[in-house]
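J.: Sending over data23.cif (mmCIF, C-alpha atoms).
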```cif
data_entry
#
loop_
_atom_site.label_atom_id
_atom_site.label_comp_id
_atom_site.auth_asym_id
_atom_site.auth_seq_id
_atom_site.Cartn_x
_atom_site.Cartn_y
_atom_site.Cartn_z
CA MET A 547 -14.38 77.24 14.12
CA ARG A 548 -14.43 79.36 10.96
CA VAL A 549 -15.15 83.09 11.07
CA ALA A 550 -15.43 85.58 8.20
CA ILE A 551 -14.81 89.32 8.48
CA THR A 552 -16.50 91.46 5.85
CA GLY A 553 -17.60 95.03 5.22
CA GLY A 554 -17.63 97.66 2.51
CA ILE A 555 -14.77 99.79 1.23
CA GLY A 556 -13.65 102.31 3.84
CA SER A 557 -15.29 100.48 6.74
CA GLY A 558 -11.89 99.78 8.29
CA LYS A 559 -11.74 95.97 8.04
CA SER A 560 -7.95 96.00 7.82
CA TYR A 561 -7.63 97.93 11.08
CA VAL A 562 -10.04 95.55 12.84
CA CYS A 563 -7.99 92.60 11.52
CA LYS A 564 -4.80 94.19 12.92
CA ARG A 565 -6.49 94.48 16.30
CA LEU A 566 -7.61 90.84 16.06
CA GLU A 567 -4.00 89.85 15.36
CA ALA A 568 -2.92 91.83 18.44
CA HIS A 569 -5.29 89.54 20.36
CA GLY A 570 -3.62 86.46 18.86
CA VAL A 571 -6.00 85.76 15.97
CA LYS A 572 -4.43 85.17 12.54
CA VAL A 573 -6.63 86.46 9.70
CA TYR A 574 -6.47 85.14 6.14
CA ASP A 575 -6.51 88.02 3.63
CA CYS A 576 -8.47 87.02 0.51
CA ASP A 577 -7.11 89.84 -1.66
CA GLU A 578 -3.50 89.00 -0.84
CA ALA A 579 -4.18 85.29 -1.33
CA ALA A 580 -5.71 85.88 -4.78
CA LYS A 581 -2.66 87.91 -5.85
CA ARG A 582 -0.29 85.25 -4.48
CA LEU A 583 -2.16 82.38 -6.15
CA MET A 584 -2.23 84.19 -9.50
CA ARG A 585 1.56 84.44 -9.19
CA THR A 586 2.27 80.91 -7.95
CA SER A 587 -0.53 78.45 -8.75
CA GLU A 588 0.05 76.60 -12.04
CA PRO A 589 -3.57 75.33 -12.32
CA LEU A 590 -4.87 78.87 -11.78
CA GLN A 591 -2.42 80.33 -14.29
CA LYS A 592 -3.46 77.71 -16.84
CA ALA A 593 -7.16 78.50 -16.28
CA LEU A 594 -6.55 82.26 -16.66
CA ARG A 595 -4.57 81.70 -19.86
CA GLN A 596 -7.45 79.67 -21.29
CA LEU A 597 -9.96 82.32 -20.27
CA VAL A 598 -8.14 85.58 -21.01
CA GLY A 599 -5.49 84.48 -23.50
CA ASP A 600 -1.81 83.53 -23.30
CA GLU A 601 -0.81 87.21 -23.17
CA VAL A 602 -2.15 87.44 -19.59
CA TYR A 603 1.20 85.96 -18.49
CA VAL A 604 4.71 86.64 -19.74
CA GLY A 605 6.61 83.68 -18.40
CA ASN A 606 5.04 83.34 -14.97
CA VAL A 607 4.51 87.08 -14.50
CA LEU A 608 0.88 88.21 -14.47
CA GLN A 609 0.24 91.10 -16.86
CA LYS A 610 -2.09 93.15 -14.68
CA GLN A 611 -3.06 95.57 -17.45
CA VAL A 612 -4.15 92.67 -19.70
CA LEU A 613 -6.25 91.17 -16.91
CA ALA A 614 -7.71 94.59 -16.01
CA LYS A 615 -8.71 95.24 -19.64
CA PHE A 616 -10.44 91.84 -19.79
CA LEU A 617 -12.23 92.44 -16.45
CA LEU A 618 -13.48 95.88 -17.43
CA ALA A 619 -14.75 94.74 -20.84
CA SER A 620 -17.94 93.23 -19.42
CA GLU A 621 -19.69 91.97 -16.33
CA ALA A 622 -19.63 88.46 -17.87
CA ASN A 623 -15.82 88.61 -18.11
CA LYS A 624 -15.57 89.69 -14.48
CA GLN A 625 -17.81 86.83 -13.36
CA ALA A 626 -15.81 84.35 -15.47
CA VAL A 627 -12.54 85.42 -13.81
CA ASN A 628 -14.19 85.21 -10.38
CA GLN A 629 -15.35 81.67 -11.15
CA VAL A 630 -11.71 80.73 -11.71
CA VAL A 631 -10.05 82.70 -8.90
CA HIS A 632 -12.55 82.34 -6.04
CA PRO A 633 -12.58 78.51 -5.90
CA ALA A 634 -8.75 78.56 -5.84
CA VAL A 635 -8.79 81.01 -2.91
CA ALA A 636 -11.46 78.99 -1.06
CA LEU A 637 -9.43 75.80 -1.47
CA ASP A 638 -6.26 77.57 -0.31
CA PHE A 639 -8.04 78.86 2.80
CA GLU A 640 -9.53 75.48 3.64
CA SER A 641 -6.14 73.77 3.33
CA SER A 642 -4.45 76.42 5.51
CA ASP A 643 -4.32 76.59 9.31
CA TYR A 644 -6.33 79.84 9.35
CA GLU A 645 -9.75 79.92 11.00
CA TRP A 646 -10.53 83.59 10.30
CA MET A 647 -10.87 85.12 6.84
CA GLU A 648 -11.16 88.72 5.65
CA SER A 649 -13.18 89.21 2.45
CA ALA A 650 -14.66 92.50 1.25
CA ILE A 651 -16.91 90.66 -1.21
CA LEU A 652 -17.91 87.70 0.97
CA PHE A 653 -21.57 87.80 -0.09
CA ASP A 654 -21.11 89.39 -3.53
CA SER A 655 -18.67 86.63 -4.51
CA GLY A 656 -20.63 83.76 -2.95
CA PHE A 657 -17.74 82.87 -0.63
CA HIS A 658 -20.28 82.25 2.13
CA HIS A 659 -21.62 79.38 -0.03
CA ARG A 660 -18.20 77.95 -0.90
CA ILE A 661 -17.04 77.76 2.72
CA HIS A 662 -19.08 77.05 5.83
CA PHE A 663 -18.54 79.81 8.38
CA ASP A 664 -19.72 79.45 11.95
CA TYR A 665 -19.89 83.22 12.29
CA ILE A 666 -19.81 86.21 9.97
CA VAL A 667 -18.72 89.59 11.35
CA CYS A 668 -19.54 92.82 9.53
CA VAL A 669 -17.35 95.89 10.08
CA THR A 670 -19.34 99.11 9.62
CA ALA A 671 -18.75 102.85 9.62
CA PRO A 672 -20.95 105.85 8.79
CA LEU A 673 -20.98 106.72 5.08
CA GLU A 674 -19.22 110.07 5.53
CA VAL A 675 -16.41 108.36 7.48
CA ARG A 676 -16.01 105.72 4.76
CA ILE A 677 -15.91 108.39 2.03
CA SER A 678 -13.29 110.40 3.93
CA ARG A 679 -11.09 107.31 4.51
CA VAL A 680 -11.16 106.19 0.87
CA MET A 681 -10.53 109.69 -0.50
CA LYS A 682 -7.56 110.13 1.84
CA ARG A 683 -6.17 106.61 1.31
CA ASP A 684 -6.47 106.46 -2.48
CA GLY A 685 -6.28 110.15 -3.35
CA ILE A 686 -9.50 110.07 -5.36
CA SER A 687 -12.48 112.40 -5.68
CA HIS A 688 -15.74 112.29 -3.72
CA ASP A 689 -17.64 111.24 -6.87
CA LYS A 690 -15.20 108.40 -7.66
CA THR A 691 -15.41 107.18 -4.05
CA MET A 692 -19.21 107.17 -4.21
CA GLU A 693 -19.04 105.24 -7.48
CA TRP A 694 -16.87 102.57 -5.83
CA ILE A 695 -19.16 102.36 -2.80
CA SER A 696 -22.28 102.11 -4.99
CA ARG A 697 -20.83 99.09 -6.79
CA GLN A 698 -20.76 97.12 -3.55
CA MET A 699 -23.64 95.56 -1.67
CA PRO A 700 -25.25 98.14 0.68
CA GLN A 701 -23.71 98.12 4.16
CA GLU A 702 -27.12 97.63 5.81
CA GLU A 703 -27.76 94.52 3.71
CA VAL A 704 -24.33 93.03 4.53
CA CYS A 705 -24.97 93.70 8.22
CA GLN A 706 -28.36 91.97 8.11
CA MET A 707 -26.76 88.86 6.61
CA SER A 708 -24.01 88.78 9.28
CA ASP A 709 -24.05 87.42 12.82
CA PHE A 710 -22.16 90.27 14.50
CA GLU A 711 -21.28 93.91 13.85
CA ILE A 712 -18.14 95.82 14.79
CA VAL A 713 -18.59 99.59 14.53
CA ASN A 714 -15.39 101.26 13.36
CA ASP A 715 -16.42 104.91 13.32
CA GLY A 716 -13.22 106.22 14.90
CA ILE A 717 -15.01 106.67 18.23
CA ALA A 718 -16.22 103.24 19.42
CA ASP A 719 -13.62 101.11 21.24
CA ILE A 720 -12.57 98.34 18.81
CA ASP A 721 -10.76 96.22 21.43
CA GLU A 722 -13.81 96.29 23.68
CA GLN A 723 -16.02 95.14 20.80
CA ILE A 724 -13.55 92.37 19.92
CA CYS A 725 -13.59 91.12 23.52
CA HIS A 726 -17.39 91.19 23.48
CA LEU A 727 -17.27 89.22 20.23
CA PHE A 728 -14.93 86.62 21.73
CA ASN A 729 -17.24 86.25 24.73
CA LYS A 730 -20.23 85.67 22.43
CA MET A 731 -18.23 83.09 20.46
CA LYS A 732 -17.01 81.54 23.70
CA ILE A 733 -13.35 82.06 22.78
CA LYS A 734 -11.42 81.83 26.05
CA GLY A 735 -8.39 83.69 27.29
CA VAL A 736 -7.61 85.97 24.36
CA CYS A 737 -8.87 89.14 26.02
CA SER A 738 -7.20 88.69 29.38
CA SER A 739 -4.59 91.37 28.61
CA ARG A 740 -6.09 94.09 26.46
CA GLN A 741 -3.79 95.95 24.12
CA LYS A 742 -4.47 99.38 22.73
CA THR A 743 -2.87 101.56 20.12
#
```
Produce structure tokens that represent the structure in this file.
T.:
Amino acid sequence: MRVAITGGIGSGKSYVCKRLEAHGVKVYDCDEAAKRLMRTSEPLQKALRQLVGDEVYVGNVLQKQVLAKFLLASEANKQAVNQVVHPAVALDFESSDYEWMESAILFDSGFHHRIHFDYIVCVTAPLEVRISRVMKRDGISHDKTMEWISRQMPQEEVCQMSDFEIVNDGIADIDEQICHLFNKMKIKGVCSSRQKT
């Protein structure tokens, strides 16, 4: 069974994934995988060199500022990089022993077309909670946070395209919702001893 966890910036996906891991579920982190593959995958490095230019790597070390400059230059550049990186991440996930994946841009990136997921779970939080979390976490202004949020697919739309919702508003019980989720997915035994933080 393959399950995807998604949700907008500040929704608290990472916390939900930590709680899933406390219940014995390993979650594949797409962001971390992309960074790792850009460091270690020769085919991916070759493709990025062809796309961005040889200066994107010095030896095997990714020059983040070079890649960032290329990405920010145009939407076409961003899409071109995604077309190189996302298939590599999808292949890495499919060849791993993970069944659960966390991706902030599951729908935006088309990951839901690259990989067949049995279930998609959307983590949500009220807008003011998301803004507060991002401002505190990244030390950025309200306006900058809103700009980041506005670049992503609206939370309501992501939720409509998902099979389940986990509300992470700082009030609702996450473990209880996870156990409810497992029951719906007919996953046995993992909620027998509930753990809380």
J.: Given the choices A:Ser642, A:Ser655, A:Asn729, A:Gln629, which gets closest to Gln698 (chain A) if the distance is worked out from only C-alpha atoms?
T.: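 Closest to Gln698 (chain A), using only C-alpha atoms: A:Ser655.
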J.: From the options A:Glu640, A:Asp715, A:Asp709, A:Asp721, which residue's atoms come nearest to Pro672 (chain A), counting only C-alpha atoms?
T.: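 Using only C-alpha atoms, Pro672 (chain A) sits closest to A:Asp715.
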J.: Run through the PyMOL selection byres ((chain A and resi 646) around 7) on the given coordinates and return the selected residues as a list in words.
T.: Arg548, Val549, Ala550, Lys572, Val573, Tyr574, Tyr644, Glu645, Met647 and Glu648 of chain A
J.: So that I can check the surroundings of Asp689 (chain A), please list as a list in words every protein, DNA and RNA residue that reaches within 10 Å of it, counting all atoms listed in the file and ignoring chain neighbours fewer than 6 positions away.
T.: Ile677, Met681 and Ile695 of chain A
J.: Give me the residues of region 610-714 of chain A that have any atom at most 12 Å from an atom of region 577-589 of chain A; for each, the nearest atom pair and the distance in Å, rounded to one decimal. Use all atoms listed in the file, sort by chain and number, and format it as a tab-separated table.
T.:
```
residue	atom	partner	partner_atom	distance
A:Lys610	CA	A:Lys581	CA	10.3
A:Leu613	CA	A:Met584	CA	10.9
A:Val627	CA	A:Met584	CA	11.2
A:Asn628	CA	A:Ala580	CA	10.2
A:Val630	CA	A:Pro589	CA	9.8
A:Val631	CA	A:Ala580	CA	6.8
A:His632	CA	A:Ala580	CA	7.8
A:Pro633	CA	A:Ala580	CA	10.1
A:Ala634	CA	A:Leu583	CA	7.6
A:Val635	CA	A:Ala580	CA	6.1
A:Ala636	CA	A:Ala579	CA	9.6
A:Leu637	CA	A:Ala579	CA	10.8
A:Asp638	CA	A:Ala579	CA	8.1
A:Phe639	CA	A:Ala579	CA	8.6
A:Ser642	CA	A:Ala579	CA	11.2
A:Met647	CA	A:Asp577	CA	10.4
A:Glu648	CA	A:Asp577	CA	8.4
A:Ser649	CA	A:Asp577	CA	7.4
A:Ala650	CA	A:Asp577	CA	8.5
A:Ile651	CA	A:Asp577	CA	9.8
A:Leu652	CA	A:Asp577	CA	11.3
```
J.: Create the file for the chosen residues now, containing C-alpha atoms and written as a tab-separated table (two decimals), in the frame of the given file.
T.:
```tsv
chain	number	residue	atom	x	y	z
A	610	LYS	CA	-2.09	93.15	-14.68
A	613	LEU	CA	-6.25	91.17	-16.91
A	627	VAL	CA	-12.54	85.42	-13.81
A	628	ASN	CA	-14.19	85.21	-10.38
A	630	VAL	CA	-11.71	80.73	-11.71
A	631	VAL	CA	-10.05	82.70	-8.90
A	632	HIS	CA	-12.55	82.34	-6.04
A	633	PRO	CA	-12.58	78.51	-5.90
A	634	ALA	CA	-8.75	78.56	-5.84
A	635	VAL	CA	-8.79	81.01	-2.91
A	636	ALA	CA	-11.46	78.99	-1.06
A	637	LEU	CA	-9.43	75.80	-1.47
A	638	ASP	CA	-6.26	77.57	-0.31
A	639	PHE	CA	-8.04	78.86	2.80
A	642	SER	CA	-4.45	76.42	5.51
A	647	MET	CA	-10.87	85.12	6.84
A	648	GLU	CA	-11.16	88.72	5.65
A	649	SER	CA	-13.18	89.21	2.45
A	650	ALA	CA	-14.66	92.50	1.25
A	651	ILE	CA	-16.91	90.66	-1.21
A	652	LEU	CA	-17.91	87.70	0.97
```
J.: For Gly599 (chain A), which residue among A:Arg565, A:Phe616, A:Cys705, A:Gln611 is the nearest when counting all atoms listed in the file?
T.: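 Looking only at the distances to Gly599 (chain A), the closest residue turns out to be A:Phe616.
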J.: In Å, how far is it from CA of Phe663 (chain A) to CA of Leu566 (chain A)?
T.: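 About the pair CA of Phe663 (chain A) and CA of Leu566 (chain A): they are 17.3 Å apart.
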J.: What's the 12 Å shell around Ile733 (chain A), counting only C-alpha atoms, without same-chain residues fewer than 4 positions away, as a ChimeraX atom specification?
T.: /A:547,549,569-571,724-729,737-738
J.: Which one of A:Asp719, A:Glu711, A:Glu674, A:Glu601 sits closest to Ile555 (chain A) if you count only C-alpha atoms?
T.: A:Glu674
J.: Would you compute, for all listed atoms of region 654-668 of chain A, the axis-aligned bounding box grown by 6 Å on each side, and then report its centre and edge lengths in Å rounded to one decimal, as JSON?
T.:
```
{"center_x": -19.3, "center_y": 84.9, "center_z": 3.9, "size_x": 16.6, "size_y": 27.8, "size_z": 28.8}
```
J.: Which distance in Å separates CA of Val680 (chain A) and CA of Gln706 (chain A), to one decimal?
T.: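 CA of Gln706 (chain A) lies 23.5 Å from CA of Val680 (chain A).
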J.: In Å, how far is it from CA of Ser696 (chain A) to CA of Ile717 (chain A)?
T.: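 Distance reported for this atom pair: 24.8 Å.
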J.: For Phe710 (chain A), please output as a list of chain:residue names all residues within 8 Å (counting all atoms listed in the file; exclusion window: fewer than 6 positions along the same chain).
T.: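 Close residues of Phe710 (chain A): A:Tyr665, A:Ile666, A:Val667, A:Cys668, A:Leu727.
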J.: Measuring between all atoms listed in the file, which one of A:Thr670, A:Asp664, A:Leu590, A:Arg676 shows the shortest distance to Met731 (chain A)?
T.: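 Answer, going by the shortest atom-to-atom distance: A:Asp664.
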J.: Rank nothing, just name the residue among A:Ala671, A:Val602, A:Leu608, A:Leu594 nearest to Gly556 (chain A), using all atoms listed in the file.
T.: A:Ala671
